[in-house]
>>> print(open('final_19.cif').read())   # mmCIF, C-alpha atoms
data_run
#
loop_
_atom_site.label_atom_id
_atom_site.label_comp_id
_atom_site.auth_asym_id
_atom_site.auth_seq_id
_atom_site.Cartn_x
_atom_site.Cartn_y
_atom_site.Cartn_z
CA MET A 1 -56.89 -23.55 -14.52
CA ASN A 2 -53.82 -25.71 -14.55
CA PRO A 3 -51.22 -23.73 -12.56
CA PHE A 4 -48.40 -24.88 -14.82
CA LYS A 5 -50.13 -23.54 -17.89
CA ARG A 6 -50.29 -19.98 -16.61
CA SER A 7 -48.77 -17.42 -18.85
CA ILE A 8 -45.30 -16.15 -18.09
CA SER A 9 -46.61 -12.65 -17.58
CA ASN A 10 -49.07 -13.87 -14.96
CA LEU A 11 -46.31 -15.83 -13.23
CA GLU A 12 -44.21 -12.69 -13.12
CA LEU A 13 -47.09 -10.84 -11.51
CA ILE A 14 -47.54 -13.63 -8.95
CA HIS A 15 -43.86 -13.81 -8.06
CA PHE A 16 -42.90 -10.17 -8.08
CA GLY A 17 -46.15 -8.59 -6.92
CA ARG A 18 -45.35 -9.26 -3.29
CA ASP A 19 -41.77 -8.04 -3.71
CA ALA A 20 -42.97 -4.70 -5.10
CA HIS A 21 -40.87 -5.16 -8.21
CA LEU A 22 -43.63 -4.27 -10.65
CA SER A 23 -43.98 -1.28 -12.90
CA GLN A 24 -47.02 0.98 -12.68
CA ALA A 25 -48.78 -0.81 -15.55
CA ASP A 26 -47.95 -4.24 -14.14
CA GLN A 27 -49.20 -3.17 -10.73
CA GLN A 28 -52.59 -2.33 -12.22
CA ARG A 29 -52.67 -5.72 -13.97
CA TYR A 30 -51.68 -7.37 -10.71
CA ASP A 31 -54.54 -5.73 -8.81
CA GLN A 32 -56.97 -6.68 -11.55
CA LEU A 33 -55.72 -10.27 -11.66
CA PHE A 34 -56.12 -10.79 -7.94
CA ARG A 35 -59.57 -9.26 -7.93
CA THR A 36 -60.80 -11.83 -10.41
CA GLY A 37 -58.60 -14.93 -10.22
CA THR A 38 -58.78 -17.07 -7.08
CA ALA A 39 -56.41 -19.69 -8.54
CA GLU A 40 -53.72 -17.03 -8.94
CA LYS A 41 -54.23 -15.95 -5.34
CA ALA A 42 -53.88 -19.54 -4.15
CA HIS A 43 -50.73 -19.91 -6.22
CA GLN A 44 -49.26 -16.80 -4.72
CA ASP A 45 -50.08 -18.03 -1.23
CA GLU A 46 -48.19 -21.21 -1.94
CA ILE A 47 -45.20 -19.27 -3.17
CA THR A 48 -45.34 -17.12 -0.05
CA LYS A 49 -45.39 -20.21 2.15
CA ILE A 50 -42.44 -21.71 0.31
CA ARG A 51 -40.53 -18.47 0.69
CA SER A 52 -41.26 -18.48 4.41
CA LEU A 53 -40.02 -22.05 4.70
CA LEU A 54 -36.85 -21.19 2.86
CA ALA A 55 -36.28 -18.11 4.99
CA VAL A 56 -36.42 -20.07 8.25
CA MET A 57 -33.87 -22.59 7.11
CA PRO A 58 -31.18 -22.48 9.78
CA TYR A 59 -27.76 -21.00 9.25
CA VAL A 60 -25.11 -23.60 9.88
CA GLU A 61 -22.20 -22.56 12.06
CA PRO A 62 -18.92 -23.45 10.40
CA ARG A 63 -16.95 -26.02 12.35
CA LYS A 64 -13.75 -24.02 12.09
CA ASP A 65 -12.48 -20.56 11.27
CA PHE A 66 -11.32 -19.95 7.74
CA THR A 67 -8.66 -17.41 8.66
CA ILE A 68 -5.56 -17.83 6.57
CA SER A 69 -1.94 -17.98 7.65
CA ALA A 70 0.91 -16.27 5.83
CA HIS A 71 2.07 -19.64 4.57
CA LEU A 72 -1.39 -20.44 3.22
CA ALA A 73 -1.66 -17.06 1.54
CA GLY A 74 1.84 -17.32 0.12
CA VAL A 75 2.81 -14.06 1.74
CA ARG A 76 6.42 -13.23 2.50
CA PRO A 77 7.19 -10.67 5.17
CA PRO A 78 7.79 -7.21 3.69
CA LYS A 79 11.35 -5.85 3.91
CA PRO A 80 11.59 -2.45 5.58
CA VAL A 81 13.31 0.41 3.73
CA TYR A 82 16.28 0.49 6.09
CA LEU A 83 17.10 -3.09 5.14
CA PHE A 84 17.20 -2.07 1.51
CA ALA A 85 19.53 0.80 2.43
CA ILE A 86 21.81 -1.52 4.37
CA ARG A 87 21.89 -3.98 1.49
CA SER A 88 22.87 -1.22 -0.91
CA SER A 89 25.59 -0.07 1.50
CA ILE A 90 26.94 -3.61 1.71
CA ALA A 91 27.17 -3.74 -2.07
CA LEU A 92 28.89 -0.36 -2.20
CA PHE A 93 31.41 -1.16 0.54
CA SER A 94 32.11 -4.56 -1.01
CA PHE A 95 32.96 -2.79 -4.22
CA PHE A 96 35.30 -0.39 -2.38
CA PHE A 97 36.83 -3.21 -0.40
CA ILE A 98 37.61 -5.27 -3.48
CA GLY A 99 39.04 -2.24 -5.24
CA LEU A 100 41.23 -1.24 -2.31
CA SER A 101 42.33 -4.84 -1.77
CA LEU A 102 43.44 -5.08 -5.36
CA TYR A 103 45.36 -1.87 -4.97
CA ARG A 104 46.83 -2.85 -1.60
CA PHE A 105 47.88 -6.43 -2.36
CA SER A 106 48.35 -6.51 -6.07
CA PRO A 107 52.04 -6.80 -7.07
CA VAL A 108 51.45 -4.08 -9.63
CA SER A 109 50.61 -1.61 -6.98
CA THR A 110 53.45 -2.53 -4.62
CA PRO A 111 56.10 0.06 -5.07
CA ILE A 112 59.48 -1.57 -5.81
CA ILE A 113 62.09 1.06 -5.78
CA SER A 114 64.76 0.14 -8.21
CA THR A 115 67.87 1.54 -9.63
CA SER A 116 70.35 -0.50 -11.54
CA SER A 117 71.60 -3.86 -10.19
CA ALA A 118 74.97 -2.35 -9.46
CA GLU A 119 73.44 0.45 -7.45
CA ILE A 120 71.35 -2.07 -5.51
CA ALA A 121 74.40 -4.12 -4.70
CA SER A 122 76.37 -1.08 -3.62
CA SER A 123 73.61 0.49 -1.70
CA PRO A 124 74.24 0.98 2.03
CA ALA A 125 71.38 -1.31 2.90
CA MET A 126 72.87 -4.18 0.95
CA GLU A 127 76.20 -3.53 2.49
CA MET A 128 74.68 -3.61 5.90
CA GLN A 129 73.07 -6.93 5.09
CA ALA A 130 76.39 -8.34 4.01
CA GLU A 131 78.15 -7.33 7.21
CA PRO A 132 77.56 -9.09 10.51
CA MET A 133 75.08 -7.25 12.69
CA ALA A 134 77.56 -6.82 15.50
CA LEU A 135 79.94 -4.96 13.29
CA SER A 136 77.41 -2.88 11.63
CA ALA A 137 77.57 0.79 12.09
CA PRO A 138 74.97 2.71 13.99
CA MET A 139 71.71 3.08 12.15
CA GLU A 140 72.25 6.75 11.55
CA GLU A 141 75.41 6.05 9.63
CA VAL A 142 74.14 3.24 7.44
CA ALA A 143 70.66 4.55 6.93
CA PRO A 144 69.83 4.83 3.24
CA GLU A 145 69.55 8.14 1.73
CA PRO A 146 66.07 9.60 1.68
CA MET A 147 64.04 8.14 -1.13
CA GLU A 148 63.59 10.41 -4.02
CA ASP A 149 60.12 11.20 -5.11
CA THR A 150 60.87 10.16 -8.63
CA ALA A 151 62.09 6.66 -7.81
CA ARG A 152 61.69 4.21 -10.60
CA ILE A 153 59.23 1.41 -10.21
CA VAL A 154 59.84 -1.72 -12.10
CA SER A 155 57.07 -3.85 -13.43
CA PRO A 156 56.84 -7.26 -11.71
CA THR A 157 57.39 -8.91 -15.05
CA ILE A 158 60.93 -7.62 -15.08
CA GLU A 159 63.32 -9.39 -12.77
CA ALA A 160 65.29 -7.23 -10.40
CA ASP A 161 68.67 -8.26 -11.73
CA THR A 162 67.77 -7.81 -15.37
CA PRO A 163 69.89 -5.11 -16.81
CA LEU A 164 67.68 -2.21 -17.52
CA ALA A 165 69.41 -1.55 -20.75
CA LYS A 166 68.20 -4.89 -22.12
CA SER A 167 64.57 -4.35 -21.33
CA ALA A 168 62.38 -2.34 -23.58
CA PRO A 169 61.56 1.14 -22.35
CA SER A 170 57.84 0.37 -22.52
CA GLU A 171 58.22 -2.41 -19.92
CA VAL A 172 59.39 -0.04 -17.30
CA MET A 173 56.76 1.96 -15.54
CA GLU A 174 57.70 5.05 -13.74
CA GLN A 175 55.33 6.28 -11.13
CA SER A 176 55.44 8.89 -8.50
CA VAL A 177 54.60 7.29 -5.15
CA SER A 178 54.02 9.28 -2.05
CA PRO A 179 54.28 7.48 1.31
CA ALA A 180 51.35 9.55 2.54
CA TYR A 181 49.25 8.25 -0.32
CA ALA A 182 50.17 4.65 0.47
CA ASP A 183 49.19 5.16 4.12
CA TRP A 184 45.86 6.61 3.12
CA ALA A 185 45.11 3.53 1.00
CA VAL A 186 45.86 1.20 3.90
CA ILE A 187 43.71 3.20 6.32
CA ALA A 188 40.82 3.32 3.83
CA TRP A 189 41.12 -0.40 3.27
CA GLY A 190 40.98 -1.05 7.01
CA ILE A 191 38.01 1.25 7.56
CA THR A 192 36.13 -0.34 4.66
CA LEU A 193 36.77 -3.79 6.08
CA VAL A 194 35.49 -2.80 9.52
CA VAL A 195 32.36 -1.12 8.13
CA LEU A 196 31.67 -4.08 5.87
CA ILE A 197 31.92 -6.54 8.75
CA PHE A 198 29.62 -4.34 10.83
CA LEU A 199 27.02 -4.16 8.04
CA LEU A 200 27.22 -7.90 7.42
CA ILE A 201 26.37 -8.50 11.07
CA LEU A 202 23.71 -5.76 11.20
CA TYR A 203 21.74 -6.88 8.13
CA PRO A 204 20.74 -10.41 9.25
CA ALA A 205 20.11 -9.15 12.79
CA LEU A 206 17.68 -6.45 11.62
CA SER A 207 16.09 -8.86 9.13
CA PHE A 208 15.46 -11.33 11.91
CA ILE A 209 13.95 -8.66 14.16
CA SER A 210 11.65 -7.31 11.43
CA ILE A 211 10.44 -10.80 10.42
CA ARG A 212 9.80 -11.65 14.02
CA LYS A 213 7.79 -8.47 14.51
CA TRP A 214 5.75 -9.20 11.38
CA LYS A 215 5.10 -12.79 12.41
CA LYS A 216 3.97 -11.65 15.83
CA ARG A 217 1.43 -9.37 14.20
CA ASN A 218 0.21 -11.62 11.40
CA LEU A 219 0.44 -15.18 12.67
CA MET B 242 -20.41 -0.74 4.40
CA PHE B 243 -19.10 0.66 7.66
CA MET B 244 -15.91 2.67 8.04
CA ASP B 245 -13.99 -0.07 9.80
CA GLU B 246 -14.62 -2.39 6.92
CA ILE B 247 -13.19 0.10 4.42
CA THR B 248 -10.09 0.47 6.59
CA LEU B 249 -9.74 -3.29 6.87
CA ILE B 250 -10.05 -3.71 3.09
CA LEU B 251 -7.42 -1.03 2.46
CA GLU B 252 -5.06 -2.62 4.97
CA ALA B 253 -5.70 -6.07 3.53
CA LYS B 254 -4.96 -4.78 0.04
CA LYS B 255 -1.55 -3.69 1.33
CA GLY B 256 -0.97 -7.28 2.41
CA ASP B 257 -2.00 -7.02 6.05
CA LEU B 258 -3.14 -10.54 6.92
CA PHE B 259 -4.43 -9.49 10.32
CA ALA B 260 -6.90 -7.07 8.71
CA TYR B 261 -7.89 -9.63 6.11
CA ASN B 262 -8.55 -12.26 8.73
CA GLU B 263 -10.92 -9.83 10.46
CA LEU B 264 -12.91 -9.72 7.22
CA VAL B 265 -12.79 -13.51 6.99
CA LEU B 266 -14.23 -13.85 10.47
CA ALA B 267 -16.99 -11.38 9.63
CA TYR B 268 -18.09 -13.11 6.40
CA GLN B 269 -17.15 -16.75 6.78
CA LYS B 270 -20.65 -17.73 7.90
CA PRO B 271 -22.61 -16.55 4.82
CA VAL B 272 -19.90 -17.79 2.47
CA PHE B 273 -19.80 -21.22 4.12
CA ASN B 274 -23.59 -21.48 4.18
CA LEU B 275 -23.85 -20.60 0.51
CA ALA B 276 -21.27 -23.26 -0.32
CA LEU B 277 -23.04 -25.77 1.90
CA ARG B 278 -26.46 -25.16 0.36
CA MET B 279 -25.05 -25.17 -3.16
CA LEU B 280 -22.97 -28.32 -2.74
CA GLY B 281 -24.87 -30.18 -0.04
CA ASP B 282 -21.68 -31.56 1.46
CA GLY B 283 -20.18 -30.07 4.62
CA TYR B 284 -16.61 -31.16 3.99
CA LEU B 285 -16.62 -30.03 0.40
CA ALA B 286 -18.20 -26.75 1.46
CA GLU B 287 -15.37 -26.25 3.96
CA ASP B 288 -12.76 -26.84 1.29
CA VAL B 289 -14.46 -24.49 -1.13
CA THR B 290 -14.86 -21.79 1.53
CA GLN B 291 -11.19 -22.00 2.43
CA GLU B 292 -10.21 -21.81 -1.24
CA VAL B 293 -12.47 -18.82 -1.74
CA PHE B 294 -10.79 -16.90 1.06
CA ILE B 295 -7.30 -17.78 -0.11
CA THR B 296 -8.07 -16.81 -3.71
CA ALA B 297 -9.84 -13.66 -2.59
CA PHE B 298 -6.74 -12.54 -0.68
CA ALA B 299 -4.59 -13.04 -3.77
CA ASN B 300 -7.10 -11.15 -5.95
CA LEU B 301 -8.00 -8.43 -3.49
CA GLY B 302 -6.39 -5.87 -5.78
CA GLN B 303 -9.17 -6.54 -8.30
CA PHE B 304 -11.84 -5.52 -5.79
CA LYS B 305 -12.98 -2.11 -7.04
CA GLY B 306 -15.32 -1.19 -4.21
CA GLY B 307 -18.91 -1.95 -3.31
CA SER B 308 -19.85 -4.72 -0.96
CA ILE B 309 -17.03 -7.09 -0.06
CA LYS B 310 -19.63 -9.58 1.15
CA ASN B 311 -21.23 -9.71 -2.29
CA TRP B 312 -17.82 -9.96 -3.89
CA LEU B 313 -16.93 -12.93 -1.68
CA LEU B 314 -20.30 -14.56 -2.29
CA ARG B 315 -19.87 -14.16 -6.03
CA SER B 316 -16.46 -15.78 -5.83
CA CYS B 317 -17.96 -18.59 -3.75
CA ALA B 318 -20.87 -19.05 -6.16
CA ASN B 319 -18.53 -19.29 -9.14
CA ARG B 320 -16.34 -21.77 -7.32
CA CYS B 321 -19.38 -23.87 -6.34
CA ILE B 322 -20.72 -23.90 -9.91
CA ASP B 323 -17.30 -25.07 -11.11
CA GLU B 324 -17.33 -27.79 -8.47
CA ILE B 325 -20.85 -28.95 -9.40
CA ARG B 326 -19.91 -29.11 -13.09
CA LYS B 327 -16.76 -31.01 -12.22
CA GLN B 328 -18.77 -33.50 -10.21
CA LYS B 329 -21.19 -33.94 -13.08
CA ARG B 330 -18.32 -34.75 -15.42
CA ARG B 331 -16.64 -37.10 -12.94
CA PRO B 332 -19.15 -38.40 -10.37
CA GLN B 333 -17.58 -39.38 -7.06
CA VAL B 334 -18.72 -41.99 -4.57
CA PRO B 335 -18.70 -40.69 -0.98
CA LEU B 336 -16.59 -42.57 1.54
CA GLN B 337 -19.04 -41.88 4.40
CA PRO B 338 -20.92 -44.89 5.74
CA ALA B 339 -24.58 -45.12 4.75
CA THR B 340 -27.22 -44.93 7.50
CA ASN B 341 -29.85 -46.91 5.63
CA VAL B 342 -29.43 -49.29 2.77
CA ASP B 343 -30.87 -46.88 0.23
CA GLU B 344 -30.19 -43.51 1.77
CA PRO B 345 -26.65 -42.28 2.20
CA ASN B 346 -25.70 -40.15 5.18
CA GLU B 347 -25.75 -36.73 3.55
CA GLU B 348 -25.40 -34.62 6.67
CA PRO B 349 -22.45 -35.11 8.95
CA ASN B 350 -23.14 -35.27 12.67
CA TRP B 351 -21.64 -31.87 13.40
CA LEU B 352 -24.34 -30.15 11.33
CA ARG B 353 -27.08 -31.24 13.70
CA ASP B 354 -28.57 -28.71 16.06
CA GLU B 355 -28.53 -30.39 19.46
CA SER B 356 -29.98 -27.45 21.35
CA ALA B 357 -33.65 -27.91 20.39
CA ASP B 358 -36.09 -30.51 21.68
CA PRO B 359 -35.15 -33.85 20.07
CA ALA B 360 -38.61 -34.43 18.54
CA THR B 361 -38.91 -30.91 17.13
CA SER B 362 -35.30 -30.98 16.11
CA PHE B 363 -35.82 -34.23 14.28
CA GLU B 364 -38.88 -32.92 12.47
CA GLN B 365 -37.18 -29.65 11.61
CA LYS B 366 -34.18 -31.50 10.34
CA GLU B 367 -36.34 -33.74 8.21
CA ILE B 368 -38.16 -30.77 6.70
CA SER B 369 -34.89 -28.94 6.16
CA GLU B 370 -33.50 -31.95 4.39
CA LEU B 371 -36.58 -32.21 2.19
CA ILE B 372 -36.36 -28.57 1.20
CA GLU B 373 -32.63 -28.88 0.61
CA ARG B 374 -33.23 -31.92 -1.52
CA CYS B 375 -35.70 -29.90 -3.62
CA ILE B 376 -33.15 -27.09 -3.94
CA ARG B 377 -30.39 -29.50 -4.93
CA GLU B 378 -32.53 -30.80 -7.77
CA LEU B 379 -32.46 -27.36 -9.38
CA ARG B 380 -29.95 -26.34 -11.99
CA GLU B 381 -26.95 -24.61 -10.40
CA ASP B 382 -27.81 -21.12 -11.71
CA ALA B 383 -31.42 -21.36 -10.52
CA ARG B 384 -30.24 -22.86 -7.22
CA LEU B 385 -27.92 -19.94 -6.65
CA VAL B 386 -30.65 -17.39 -7.29
CA ILE B 387 -33.22 -18.98 -4.97
CA LEU B 388 -30.60 -19.32 -2.25
CA LEU B 389 -29.61 -15.69 -2.50
CA VAL B 390 -33.10 -14.22 -2.69
CA ASP B 391 -35.22 -16.57 -0.60
CA VAL B 392 -32.78 -18.22 1.82
CA PHE B 393 -30.29 -15.38 2.40
CA GLU B 394 -33.04 -12.80 1.81
CA MET B 395 -31.00 -10.50 -0.38
CA ASP B 396 -32.79 -7.89 -2.42
CA TYR B 397 -32.80 -8.24 -6.20
CA GLU B 398 -30.04 -5.72 -6.75
CA GLU B 399 -27.66 -7.43 -4.33
CA ALA B 400 -28.41 -10.84 -5.81
CA ARG B 401 -27.89 -9.44 -9.29
CA GLN B 402 -24.44 -8.23 -8.28
CA VAL B 403 -23.56 -11.63 -6.91
CA ILE B 404 -24.59 -13.55 -10.02
CA SER B 405 -23.22 -10.82 -12.33
CA ALA B 406 -26.23 -10.95 -14.61
CA PRO B 407 -28.97 -8.53 -15.71
CA LEU B 408 -32.08 -8.11 -13.59
CA GLY B 409 -34.23 -9.85 -16.20
CA THR B 410 -32.06 -12.95 -16.05
CA LEU B 411 -32.28 -12.96 -12.28
CA LYS B 412 -36.07 -12.71 -12.38
CA SER B 413 -36.52 -15.46 -14.93
CA ARG B 414 -34.20 -17.78 -13.00
CA LEU B 415 -36.03 -16.96 -9.80
CA ILE B 416 -39.42 -17.80 -11.29
CA ARG B 417 -38.07 -21.07 -12.68
CA ALA B 418 -36.46 -21.99 -9.35
CA ARG B 419 -39.50 -21.17 -7.22
CA GLU B 420 -41.85 -23.04 -9.51
CA SER B 421 -39.59 -26.09 -9.46
CA VAL B 422 -39.31 -26.02 -5.67
CA ARG B 423 -43.06 -25.60 -5.39
CA LYS B 424 -43.64 -28.59 -7.63
CA CYS B 425 -41.10 -30.63 -5.67
CA LEU B 426 -42.68 -29.69 -2.31
CA ILE B 427 -46.17 -30.57 -3.56
CA THR B 428 -44.87 -34.04 -4.38
CA ILE B 429 -43.27 -34.27 -0.96
CA THR B 430 -46.50 -33.18 0.73
CA GLU B 431 -48.23 -36.07 -0.93
CA LEU B 432 -45.49 -38.45 0.18
CA TYR B 433 -44.93 -36.94 3.60
CA PRO B 434 -48.12 -35.77 5.41
CA GLY B 435 -46.17 -34.25 8.32
CA PHE B 436 -44.87 -31.61 5.97
CA GLU B 437 -48.30 -29.97 5.53
CA ARG B 438 -48.71 -29.81 9.33
CA TYR B 439 -45.22 -28.33 9.65
CA LYS B 440 -46.04 -25.70 7.03
CA SER B 441 -49.25 -24.67 8.77
CA GLU B 442 -47.47 -24.46 12.15
CA HIS B 443 -44.38 -22.58 11.04
CA VAL B 444 -45.63 -20.29 8.29
#
>>> encode(input="final_19.cif", output="structure tokens")
Amino acid sequence: MNPFKRSISNLELIHFGRDAHLSQADQQRYDQLFRTGTAEKAHQDEITKIRSLLAVMPYVEPRKDFTISAHLAGVRPPKPVYLFAIRSSIALFSFFFIGLSLYRFSPVSTPIISTSSAEIASSPAMEMQAEPMALSAPMEEVAPEPMEDTARIVSPTIEADTPLAKSAPSEVMEQSVSPAYADWAVIAWGITLVVLIFLLILYPALSFISIRKWKKRNL
Amino acid sequence: MFMDEITLILEAKKGDLFAYNELVLAYQKPVFNLALRMLGDGYLAEDVTQEVFITAFANLGQFKGGSIKNWLLRSCANRCIDEIRKQKRRPQVPLQPATNVDEPNEEPNWLRDESADPATSFEQKEISELIERCIRELREDARLVILLVDVFEMDYEEARQVISAPLGTLKSRLIRARESVRKCLITITELYPGFERYKSEHV
């Protein structure tokens, strides 16, 4: 019998009989086939020999390791949670800092205590400025009167010597300014600045340390 | 799958390269050998193996469990089939120098096993090359199946997982592959008498 003209079912029996991948019915056919057919047995022996040859083919040792680096894998070091917290704090303090700076340095926020031009000119302070320092009276005598809480604050758009009567009432802002409040603003501004500088130094330092730790472990 | 391997996979899924590289070291040999037998070129097999491990790391989230070795081998097999099809579309001429006028140097020097006796080693190498040549003549799907079942000695279920095909498909491909190799080796036996002696000694 020409081995290449065997039926597919017989080939299945030959190939899978040895592997025990036959059903009960096929197993019976397999036993029957090998009792009668010597050509099939010879064919199966050949297949077995080929399988043995294939199985002893040597494994080749790879010349190098295929481990991958972070760069190769496109992995960036993970950022720890505390770095995220610091970054959020920096954003928050920056916001405070900008707000306080605007309040502290903006001309709008600078309290300019103003009365009329005549009052300014006749005020003891102006008089003191006009007199030579040597002749000036002791500070107690020429000291201005305590500032009233309801001092008028003039908008920077209005010049100091503009008669108030000429300007529209809407251009004049009146605001109650407490010296204690002004002090608090300056202190808050200073503290915010210090904290912000500290965080701006801390963030890159901790980033560097965490990346270095990660690289030590992974590379 | 042992417990350590599960831990390593979980760590690697979180992006731990150290854990992943442990898996690479454990499975680089079968993956490289599959690529080598499929492609028949050591340098190309190295490139493919490296690509497989890089891609596998990126797609590790898609690994749903089971055997990571089979998953890697499947990835390697798919990559090799792509490479073979690419080569068929655009055949490339190797830059390696030819040993004989007719026969190109298919195996680089580093693949040779220097430990054995030179005569035996030579004979074994010759036989290996003949078998490999027979395997390389197969279609890529049949080649993959015979490599998995007969060379790497996987059981049918494992091999089925690697090729992602039904058991019937695996069996039919296996029959086709074995019959083709048998036919090829019969021809070689006629051309190369030493082969019959080698078979009787080693089988």
>>> atom_distance(input="final_19.cif", atom1="atom CA of B:Leu314", atom2="atom CA of B:Tyr268")
9.1 Å
>>> atom_distance(input="final_19.cif", atom1="atom CA of B:Leu258", atom2="atom CA of A:Leu202")
27.6 Å
>>> resolve_selection(input="final_19.cif", expression="the PyMOL selection byres ((chain B) within 6 of (chain A))", output="PyMOL selection string")
chain B and resi 258-259+262+265+291+295+391-392
>>> residues_around(input="final_19.cif", residues="B:Leu277", least_positions_apart="4", cutoff="10 Å", atoms="all atoms listed in the file", output="PDB file with C-alpha atoms, in the frame of the given file")
ATOM      1  CA  TYR A  59     -27.760 -21.000   9.250  1.00  0.00           C
ATOM      2  CA  VAL A  60     -25.110 -23.600   9.880  1.00  0.00           C
ATOM      3  CA  PRO A  62     -18.920 -23.450  10.400  1.00  0.00           C
TER       4      PRO A  62
ATOM      5  CA  PRO B 271     -22.610 -16.550   4.820  1.00  0.00           C
ATOM      6  CA  VAL B 272     -19.900 -17.790   2.470  1.00  0.00           C
ATOM      7  CA  PHE B 273     -19.800 -21.220   4.120  1.00  0.00           C
ATOM      8  CA  GLY B 281     -24.870 -30.180  -0.040  1.00  0.00           C
ATOM      9  CA  ASP B 282     -21.680 -31.560   1.460  1.00  0.00           C
ATOM     10  CA  GLY B 283     -20.180 -30.070   4.620  1.00  0.00           C
ATOM     11  CA  TYR B 284     -16.610 -31.160   3.990  1.00  0.00           C
ATOM     12  CA  LEU B 285     -16.620 -30.030   0.400  1.00  0.00           C
ATOM     13  CA  ALA B 286     -18.200 -26.750   1.460  1.00  0.00           C
ATOM     14  CA  GLU B 287     -15.370 -26.250   3.960  1.00  0.00           C
ATOM     15  CA  VAL B 289     -14.460 -24.490  -1.130  1.00  0.00           C
ATOM     16  CA  THR B 290     -14.860 -21.790   1.530  1.00  0.00           C
ATOM     17  CA  CYS B 321     -19.380 -23.870  -6.340  1.00  0.00           C
TER      18      CYS B 321
END
>>> atom_distance(input="final_19.cif", atom1="atom CA of B:Leu389", atom2="atom CA of B:Lys412")
12.2 Å
>>> axis_aligned_box(input="final_19.cif", around="stretch 372-391 of chain B", padding_each_side="6 Å", output="JSON")
{"center_x": -31.7, "center_y": -23.1, "center_z": -5.4, "size_x": 21.4, "size_y": 29.7, "size_z": 25.2}
>>> closest_residue(input="final_19.cif", among="A:Thr38, A:Ser7, A:Gln28, A:Ser89", to="A:Leu200", atoms="only C-alpha atoms")
A:Ser89
>>> resolve_selection(input="final_19.cif", expression="the PyMOL selection byres ((chain B and resi 381) around 12)", output="PyMOL selection string")
chain B and resi 276+278-281+318-326+329+376-380+382-388+404+414-415+417-418
>>> residues_around(input="final_19.cif", residues="B:Gln303", least_positions_apart="5", cutoff="12 Å", atoms="all atoms listed in the file", output="list of chain:residue names")
B:Ile250, B:Lys254, B:Thr296, B:Ala297, B:Phe298, B:Ile309, B:Trp312
>>> closest_residue(input="final_19.cif", among="B:Val403, B:Leu408, B:Val422, B:Ala299", to="B:Leu371", atoms="only C-alpha atoms")
B:Val422
>>> closest_residue(input="final_19.cif", among="A:Phe208, A:Asp45, A:Leu13, A:Phe93", to="A:Tyr30", atoms="all atoms listed in the file")
A:Leu13
>>> closest_residue(input="final_19.cif", among="A:Thr192, A:Ser88, A:Gln44, A:Thr36", to="A:Ser101", atoms="all atoms listed in the file")
A:Thr192
>>> residues_near_point(input="final_19.cif", point="(27.8, -6.5, 8.3)", cutoff="12 Å", atoms="all atoms listed in the file", output="PyMOL selection string")
chain A and resi 83+86-91+93-94+192-207
>>> build_atoms(input="final_19.cif", residues="stretch 17-25 of chain A", atoms="N, CA, C and O atoms", output="PDB file, in the frame of the given file")
ATOM      1  N   GLY A  17     -45.161  -9.508  -7.492  1.00  0.00           N
ATOM      2  CA  GLY A  17     -46.150  -8.590  -6.920  1.00  0.00           C
ATOM      3  C   GLY A  17     -45.904  -8.339  -5.447  1.00  0.00           C
ATOM      4  O   GLY A  17     -45.928  -7.195  -4.978  1.00  0.00           O
ATOM      5  N   ARG A  18     -45.603  -9.399  -4.732  1.00  0.00           N
ATOM      6  CA  ARG A  18     -45.350  -9.260  -3.290  1.00  0.00           C
ATOM      7  C   ARG A  18     -44.046  -8.525  -2.989  1.00  0.00           C
ATOM      8  O   ARG A  18     -43.891  -7.882  -1.972  1.00  0.00           O
ATOM      9  N   ASP A  19     -43.078  -8.666  -3.930  1.00  0.00           N
ATOM     10  CA  ASP A  19     -41.770  -8.040  -3.710  1.00  0.00           C
ATOM     11  C   ASP A  19     -41.743  -6.569  -4.132  1.00  0.00           C
ATOM     12  O   ASP A  19     -40.692  -5.927  -4.032  1.00  0.00           O
ATOM     13  N   ALA A  20     -42.874  -6.087  -4.631  1.00  0.00           N
ATOM     14  CA  ALA A  20     -42.970  -4.700  -5.100  1.00  0.00           C
ATOM     15  C   ALA A  20     -41.941  -4.415  -6.188  1.00  0.00           C
ATOM     16  O   ALA A  20     -41.259  -3.387  -6.182  1.00  0.00           O
ATOM     17  N   HIS A  21     -41.779  -5.351  -7.089  1.00  0.00           N
ATOM     18  CA  HIS A  21     -40.870  -5.160  -8.210  1.00  0.00           C
ATOM     19  C   HIS A  21     -41.647  -5.060  -9.519  1.00  0.00           C
ATOM     20  O   HIS A  21     -41.234  -5.599 -10.533  1.00  0.00           O
ATOM     21  N   LEU A  22     -42.794  -4.396  -9.447  1.00  0.00           N
ATOM     22  CA  LEU A  22     -43.630  -4.270 -10.650  1.00  0.00           C
ATOM     23  C   LEU A  22     -43.687  -2.813 -11.080  1.00  0.00           C
ATOM     24  O   LEU A  22     -43.636  -1.898 -10.249  1.00  0.00           O
ATOM     25  N   SER A  23     -43.814  -2.638 -12.375  1.00  0.00           N
ATOM     26  CA  SER A  23     -43.980  -1.280 -12.900  1.00  0.00           C
ATOM     27  C   SER A  23     -45.431  -0.827 -12.625  1.00  0.00           C
ATOM     28  O   SER A  23     -46.257  -1.634 -12.164  1.00  0.00           O
ATOM     29  N   GLN A  24     -45.687   0.430 -12.935  1.00  0.00           N
ATOM     30  CA  GLN A  24     -47.020   0.980 -12.680  1.00  0.00           C
ATOM     31  C   GLN A  24     -48.105   0.190 -13.440  1.00  0.00           C
ATOM     32  O   GLN A  24     -49.139  -0.191 -12.867  1.00  0.00           O
ATOM     33  N   ALA A  25     -47.820  -0.084 -14.708  1.00  0.00           N
ATOM     34  CA  ALA A  25     -48.780  -0.810 -15.550  1.00  0.00           C
ATOM     35  C   ALA A  25     -48.981  -2.232 -15.024  1.00  0.00           C
ATOM     36  O   ALA A  25     -50.117  -2.725 -14.949  1.00  0.00           O
TER      37      ALA A  25
END
